[in-house]
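**Q** Questions regarding the structure given below will be posed in turn.
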Amino acid sequence: MKIPILFKFLHIYNTQKIGNFPHTKPRKGDEGFTLLEVLVIALILGILSSIAAPGWLAFINNQRVRTVNDRVLQTLRSAQSEAKRSKRDITVTFNSTPATAPPTVTINPPLPTGGSTQTLNAGGEIKPGTILLSSQANGATTQSITFDYQGNITSPSINSQTPRKITDGFSVTVQPTGGGAKKCVIVQTILGAMITEEGSNCP
């Protein structure tokens with residue numbers, strides 16, 4: 001009597017323990033990615049990168065131009081202030097920018113705070129060959145401007161037409177090497193009044 005009951009118990013135990021094991025599905029967390037899924041994700045990331053890259057590059061170029069333009073304005077104001085303080089003429093020369101070098105400016109006589117030649121690269125943040133610097137006065141290319149002991153402009157001569165043309169006065173224009181948005185500092189009057197402009201308002 002006891003033997004059939006034992007067999008019956010073992011039979012029920014075995015069917016519950018092993019039962020449907022070969023037919024069970026793997027859990028969702030155990031599954032991996034197929035090659036097709038990986039390729040689709042890589043394609044989507046590539047498309048998003050190609051859309052975002054030009055906007056990011058334009059933003060970086062704009063920041064570089066803004067930084068160098070601010071340094072140009074700061075240099076001109078410092079030279080003008082030093083001319084008034086020291087009661088002597090000071091000449092600022094913006095050097096043409098080689099493709100392999102950052103923009104530089106030469107001040108004669110040198111400023112006490114920065115020496116004769118200064119690099120307008122924000123302490124190395126602006127890489128060589130990324131920024132073009134050009135200067136003009138009244139439509140003609142010129143690299144130098146001179147402040148007298150009163151901070152007035154002695155050279156070059158400053159046009160003051162009404163209405164003012166964008167080429168009037170002495171201006172320094174900053175733009176990315178590959179083209180793009182540009183900014184400039186314009187010395188408008190013989191008294192040395194300075195403004196900053198951008199885009200089509202720059203010579």
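All residue names refer to the structure tokens as shown: chains lettered A, B, ... in order, residues numbered from 1 in each chain, ligands numbered from 1 in order.
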So which residues touch A:Lys87 within 6 Å, counting only C-alpha atoms, skipping near sequence neighbours fewer than 3 positions away, as a PyMOL selection string?

**A** chain A and resi 83-84+149

**Q** So that I can check the surroundings of A:Glu197, please list as JSON, numbers by chain every protein, DNA and RNA residue that reaches within 9 Å of it, counting only C-alpha atoms and ignoring chain neighbours fewer than 4 positions away.

**A** {"A": [182, 183, 184, 185, 186, 201, 202]}

**Q** Please return as a PyMOL selection string: the residues of stretch 50-120 of chain A that backbone DSSP assigns to strand (DSSP E).

**A** chain A and resi 90-94+104-111+115-119

**Q** Print the selection's residues with C-alpha atoms to a file, as a PDB file, in the first residue's frame.

**A**
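Output contents, as saved in out-v1.pdb:
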```
ATOM      1  CA  ILE A  90      51.413 106.301 -27.936  1.00  0.00           C
ATOM      2  CA  THR A  91      51.115 104.347 -31.198  1.00  0.00           C
ATOM      3  CA  VAL A  92      49.162 101.097 -31.397  1.00  0.00           C
ATOM      4  CA  THR A  93      49.906  98.811 -34.363  1.00  0.00           C
ATOM      5  CA  PHE A  94      47.702  95.815 -35.128  1.00  0.00           C
ATOM      6  CA  THR A 104      49.118  90.425 -32.019  1.00  0.00           C
ATOM      7  CA  VAL A 105      49.388  94.142 -31.302  1.00  0.00           C
ATOM      8  CA  THR A 106      52.493  96.299 -30.800  1.00  0.00           C
ATOM      9  CA  ILE A 107      52.397  99.365 -28.537  1.00  0.00           C
ATOM     10  CA  ASN A 108      55.114 102.025 -28.725  1.00  0.00           C
ATOM     11  CA  PRO A 109      56.262 103.083 -26.207  1.00  0.00           C
ATOM     12  CA  PRO A 110      55.309  99.933 -24.292  1.00  0.00           C
ATOM     13  CA  LEU A 111      52.590  99.999 -21.662  1.00  0.00           C
ATOM     14  CA  GLY A 115      55.089  95.288 -22.653  1.00  0.00           C
ATOM     15  CA  SER A 116      55.454  96.288 -26.292  1.00  0.00           C
ATOM     16  CA  THR A 117      53.953  93.271 -28.098  1.00  0.00           C
ATOM     17  CA  GLN A 118      50.822  91.599 -26.806  1.00  0.00           C
ATOM     18  CA  THR A 119      49.076  88.498 -28.112  1.00  0.00           C
TER      19      THR A 119
END
```

**Q** Find the distance between atom CA of A:Asn95 and atom CA of A:Leu76 and write it in Å to one decimal.

**A** 13.9 Å

**Q** If you count only C-alpha atoms, which residues fall within 10 Å of A:Gly180, apart from same-chain ones fewer than 5 positions away, as a count of residues only?

**A** 6

**Q** Excluding A:Ala101 and residues on its chain fewer than 4 positions from it, collect all residues at most 10 Å away from it, counting only C-alpha atoms, and give them as a PDB file with N, CA and C atoms, in the first residue's frame.

**A**
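around_0.pdb, written as the output of this step:
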```
ATOM      1  N   SER A  96      49.280  92.281 -39.021  1.00  0.00           N
ATOM      2  CA  SER A  96      48.523  91.374 -39.881  1.00  0.00           C
ATOM      3  C   SER A  96      48.699  89.953 -39.371  1.00  0.00           C
ATOM      4  N   THR A  97      47.655  89.161 -39.499  1.00  0.00           N
ATOM      5  CA  THR A  97      47.641  87.843 -38.873  1.00  0.00           C
ATOM      6  C   THR A  97      48.098  86.764 -39.837  1.00  0.00           C
ATOM      7  N   THR A 119      49.823  89.467 -27.311  1.00  0.00           N
ATOM      8  CA  THR A 119      49.076  88.498 -28.112  1.00  0.00           C
ATOM      9  C   THR A 119      47.619  88.532 -27.701  1.00  0.00           C
ATOM     10  N   ASN A 121      45.151  86.501 -27.711  1.00  0.00           N
ATOM     11  CA  ASN A 121      44.598  85.147 -27.774  1.00  0.00           C
ATOM     12  C   ASN A 121      43.990  84.688 -26.453  1.00  0.00           C
ATOM     13  N   ILE A 126      42.657  81.097 -27.745  1.00  0.00           N
ATOM     14  CA  ILE A 126      42.436  81.226 -29.190  1.00  0.00           C
ATOM     15  C   ILE A 126      43.602  80.560 -29.913  1.00  0.00           C
ATOM     16  N   LYS A 127      43.320  79.497 -30.647  1.00  0.00           N
ATOM     17  CA  LYS A 127      44.370  78.745 -31.330  1.00  0.00           C
ATOM     18  C   LYS A 127      44.870  79.503 -32.561  1.00  0.00           C
ATOM     19  N   PRO A 128      46.157  79.330 -32.908  1.00  0.00           N
ATOM     20  CA  PRO A 128      46.703  79.997 -34.095  1.00  0.00           C
ATOM     21  C   PRO A 128      45.929  79.629 -35.353  1.00  0.00           C
ATOM     22  N   GLY A 129      45.714  80.629 -36.220  1.00  0.00           N
ATOM     23  CA  GLY A 129      45.067  80.378 -37.494  1.00  0.00           C
ATOM     24  C   GLY A 129      43.557  80.338 -37.466  1.00  0.00           C
ATOM     25  N   THR A 130      42.933  80.625 -36.321  1.00  0.00           N
ATOM     26  CA  THR A 130      41.464  80.564 -36.246  1.00  0.00           C
ATOM     27  C   THR A 130      40.811  81.937 -36.380  1.00  0.00           C
ATOM     28  N   ILE A 131      41.571  83.017 -36.192  1.00  0.00           N
ATOM     29  CA  ILE A 131      41.013  84.367 -36.208  1.00  0.00           C
ATOM     30  C   ILE A 131      41.815  85.254 -37.157  1.00  0.00           C
ATOM     31  N   LEU A 132      41.101  86.040 -37.971  1.00  0.00           N
ATOM     32  CA  LEU A 132      41.736  87.038 -38.842  1.00  0.00           C
ATOM     33  C   LEU A 132      41.491  88.426 -38.271  1.00  0.00           C
TER      34      LEU A 132
END
```

**Q** Give the alpha helix (DSSP H) residues of stretch 53-165 of chain A, as DSSP finds them on the backbone, and put them as an MDAnalysis selection string.

**A** chainID A and resid 53:86

**Q** Write the selection just made, keeping N, CA, C and O atoms, as a compact mmCIF listing (two decimals), in the first residue's frame?

**A**
```
# COMPACT_ATOMS: atom_id res chain seq x y z
N ALA A 53 26.59 69.70 -35.12
CA ALA A 53 27.98 70.14 -35.30
C ALA A 53 28.11 71.55 -35.89
O ALA A 53 28.87 72.37 -35.37
N PRO A 54 27.40 71.90 -36.97
CA PRO A 54 27.55 73.26 -37.51
C PRO A 54 27.14 74.35 -36.52
O PRO A 54 27.79 75.39 -36.44
N GLY A 55 26.07 74.11 -35.78
CA GLY A 55 25.64 75.10 -34.78
C GLY A 55 26.67 75.27 -33.68
O GLY A 55 26.93 76.39 -33.23
N TRP A 56 27.27 74.16 -33.26
CA TRP A 56 28.30 74.22 -32.22
C TRP A 56 29.53 74.96 -32.74
O TRP A 56 30.11 75.78 -32.03
N LEU A 57 29.93 74.69 -33.98
CA LEU A 57 31.10 75.36 -34.56
C LEU A 57 30.86 76.86 -34.68
O LEU A 57 31.74 77.66 -34.39
N ALA A 58 29.65 77.24 -35.09
CA ALA A 58 29.33 78.67 -35.19
C ALA A 58 29.38 79.33 -33.83
O ALA A 58 29.85 80.47 -33.69
N PHE A 59 28.90 78.63 -32.80
CA PHE A 59 28.93 79.17 -31.44
C PHE A 59 30.38 79.38 -30.98
O PHE A 59 30.71 80.42 -30.41
N ILE A 60 31.23 78.39 -31.23
CA ILE A 60 32.65 78.49 -30.82
C ILE A 60 33.33 79.65 -31.55
O ILE A 60 34.07 80.44 -30.94
N ASN A 61 33.09 79.76 -32.86
CA ASN A 61 33.69 80.86 -33.63
C ASN A 61 33.22 82.21 -33.12
O ASN A 61 34.00 83.17 -33.04
N ASN A 62 31.95 82.31 -32.79
CA ASN A 62 31.40 83.57 -32.28
C ASN A 62 32.05 83.95 -30.95
O ASN A 62 32.36 85.13 -30.71
N GLN A 63 32.29 82.96 -30.10
CA GLN A 63 32.95 83.23 -28.82
C GLN A 63 34.39 83.67 -29.02
O GLN A 63 34.87 84.57 -28.33
N ARG A 64 35.08 83.06 -29.97
CA ARG A 64 36.47 83.45 -30.26
C ARG A 64 36.52 84.90 -30.76
O ARG A 64 37.36 85.69 -30.33
N VAL A 65 35.63 85.22 -31.70
CA VAL A 65 35.60 86.58 -32.26
C VAL A 65 35.29 87.59 -31.16
O VAL A 65 35.92 88.65 -31.07
N ARG A 66 34.31 87.28 -30.31
CA ARG A 66 33.94 88.19 -29.22
C ARG A 66 35.13 88.41 -28.28
O ARG A 66 35.39 89.53 -27.85
N THR A 67 35.85 87.33 -27.96
CA THR A 67 36.98 87.43 -27.04
C THR A 67 38.08 88.34 -27.61
O THR A 67 38.58 89.23 -26.92
N VAL A 68 38.46 88.11 -28.88
CA VAL A 68 39.52 88.91 -29.49
C VAL A 68 39.06 90.36 -29.65
O VAL A 68 39.83 91.29 -29.42
N ASN A 69 37.80 90.57 -30.02
CA ASN A 69 37.29 91.93 -30.18
C ASN A 69 37.32 92.69 -28.85
O ASN A 69 37.67 93.88 -28.80
N ASP A 70 36.98 92.00 -27.77
CA ASP A 70 37.05 92.63 -26.45
C ASP A 70 38.49 93.01 -26.09
O ASP A 70 38.74 94.05 -25.49
N ARG A 71 39.44 92.14 -26.47
CA ARG A 71 40.85 92.44 -26.21
C ARG A 71 41.32 93.65 -27.03
O ARG A 71 42.12 94.45 -26.57
N VAL A 72 40.84 93.77 -28.27
CA VAL A 72 41.19 94.93 -29.11
C VAL A 72 40.69 96.21 -28.46
O VAL A 72 41.43 97.20 -28.33
N LEU A 73 39.44 96.21 -28.02
CA LEU A 73 38.87 97.39 -27.37
C LEU A 73 39.63 97.73 -26.09
O LEU A 73 39.95 98.90 -25.83
N GLN A 74 39.95 96.72 -25.32
CA GLN A 74 40.69 96.93 -24.07
C GLN A 74 42.07 97.52 -24.35
O GLN A 74 42.54 98.42 -23.64
N THR A 75 42.74 97.03 -25.40
CA THR A 75 44.07 97.52 -25.75
C THR A 75 44.02 98.99 -26.17
O THR A 75 44.85 99.80 -25.75
N LEU A 76 43.05 99.35 -27.00
CA LEU A 76 42.94 100.73 -27.45
C LEU A 76 42.64 101.68 -26.28
O LEU A 76 43.23 102.76 -26.17
N ARG A 77 41.75 101.27 -25.40
CA ARG A 77 41.42 102.12 -24.25
C ARG A 77 42.60 102.25 -23.30
O ARG A 77 42.85 103.33 -22.74
N SER A 78 43.34 101.15 -23.11
CA SER A 78 44.53 101.20 -22.24
C SER A 78 45.58 102.13 -22.81
O SER A 78 46.20 102.91 -22.07
N ALA A 79 45.80 102.07 -24.13
CA ALA A 79 46.78 102.95 -24.77
C ALA A 79 46.35 104.41 -24.68
O ALA A 79 47.18 105.29 -24.41
N GLN A 80 45.08 104.67 -24.88
CA GLN A 80 44.58 106.04 -24.76
C GLN A 80 44.73 106.57 -23.34
O GLN A 80 45.17 107.71 -23.13
N SER A 81 44.40 105.76 -22.37
CA SER A 81 44.54 106.17 -20.96
C SER A 81 45.99 106.41 -20.59
O SER A 81 46.32 107.38 -19.88
N GLU A 82 46.88 105.54 -21.09
CA GLU A 82 48.30 105.70 -20.78
C GLU A 82 48.87 106.95 -21.45
O GLU A 82 49.74 107.63 -20.88
N ALA A 83 48.38 107.28 -22.66
CA ALA A 83 48.83 108.51 -23.33
C ALA A 83 48.47 109.73 -22.50
O ALA A 83 49.27 110.66 -22.34
N LYS A 84 47.26 109.75 -21.94
CA LYS A 84 46.84 110.87 -21.08
C LYS A 84 47.65 110.90 -19.79
O LYS A 84 48.07 111.96 -19.33
N ARG A 85 47.87 109.74 -19.23
CA ARG A 85 48.55 109.67 -17.93
C ARG A 85 50.01 110.09 -18.04
O ARG A 85 50.52 110.85 -17.22
N SER A 86 50.68 109.58 -19.08
CA SER A 86 52.12 109.84 -19.22
C SER A 86 52.42 111.11 -20.02
O SER A 86 53.58 111.50 -20.14
```

**Q** Please determine, counting only C-alpha atoms, which residue among A:Gln136, A:Gly124, A:Ser200, A:Ser157 has the shortest atom-to-atom distance to A:Ala181.

**A** A:Ser200

**Q** My list of candidates is A:Asp89, A:Asp148, A:Glu198, A:Glu37. Which is closest to A:Ser171 when distances are computed with only C-alpha atoms?

**A**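 Checking each candidate against A:Ser171, we get A:Glu198 as the closest.
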
**Q** Hey, which of A:Gln188, A:Thr196, A:Ser144, A:Thr177 ends up closest to A:Arg164? Count only C-alpha atoms.

**A** A:Gln188

**Q** Excluding same-chain residues fewer than 3 positions from A:Asp168, what lies within 7 Å of it counting only C-alpha atoms, as a PyMOL selection string?

**A** chain A and resi 137-138+158-160+164-165+188

**Q** So how many Å separate atom CA of A:Gly151 and atom CA of A:Pro102, to one decimal?

**A**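 Computed distance, atom CA of A:Gly151 to atom CA of A:Pro102, equals 27.9 Å.
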
**Q** Name the closest residue to A:Pro203 among the candidates A:Thr189, A:Thr146, A:Ser155, A:Thr173; distances are taken between atoms, counting only C-alpha atoms.

**A**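 Of A:Thr189, A:Thr146, A:Ser155, A:Thr173, the one nearest A:Pro203 is A:Thr173, counting only C-alpha atoms.
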
**Q** Can you work out which one of A:Pro163, A:Gly114, A:Leu191, A:Pro103 has the shortest atom-to-atom distance to A:Gln150, counting only C-alpha atoms?

**A**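 Closest candidate: A:Leu191.
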
**Q** Record the distance separating atom CA of A:Gly139 and atom CA of A:Ile166, expressed in Å with one decimal.

**A**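 Distance between the two atoms: 8.8 Å.
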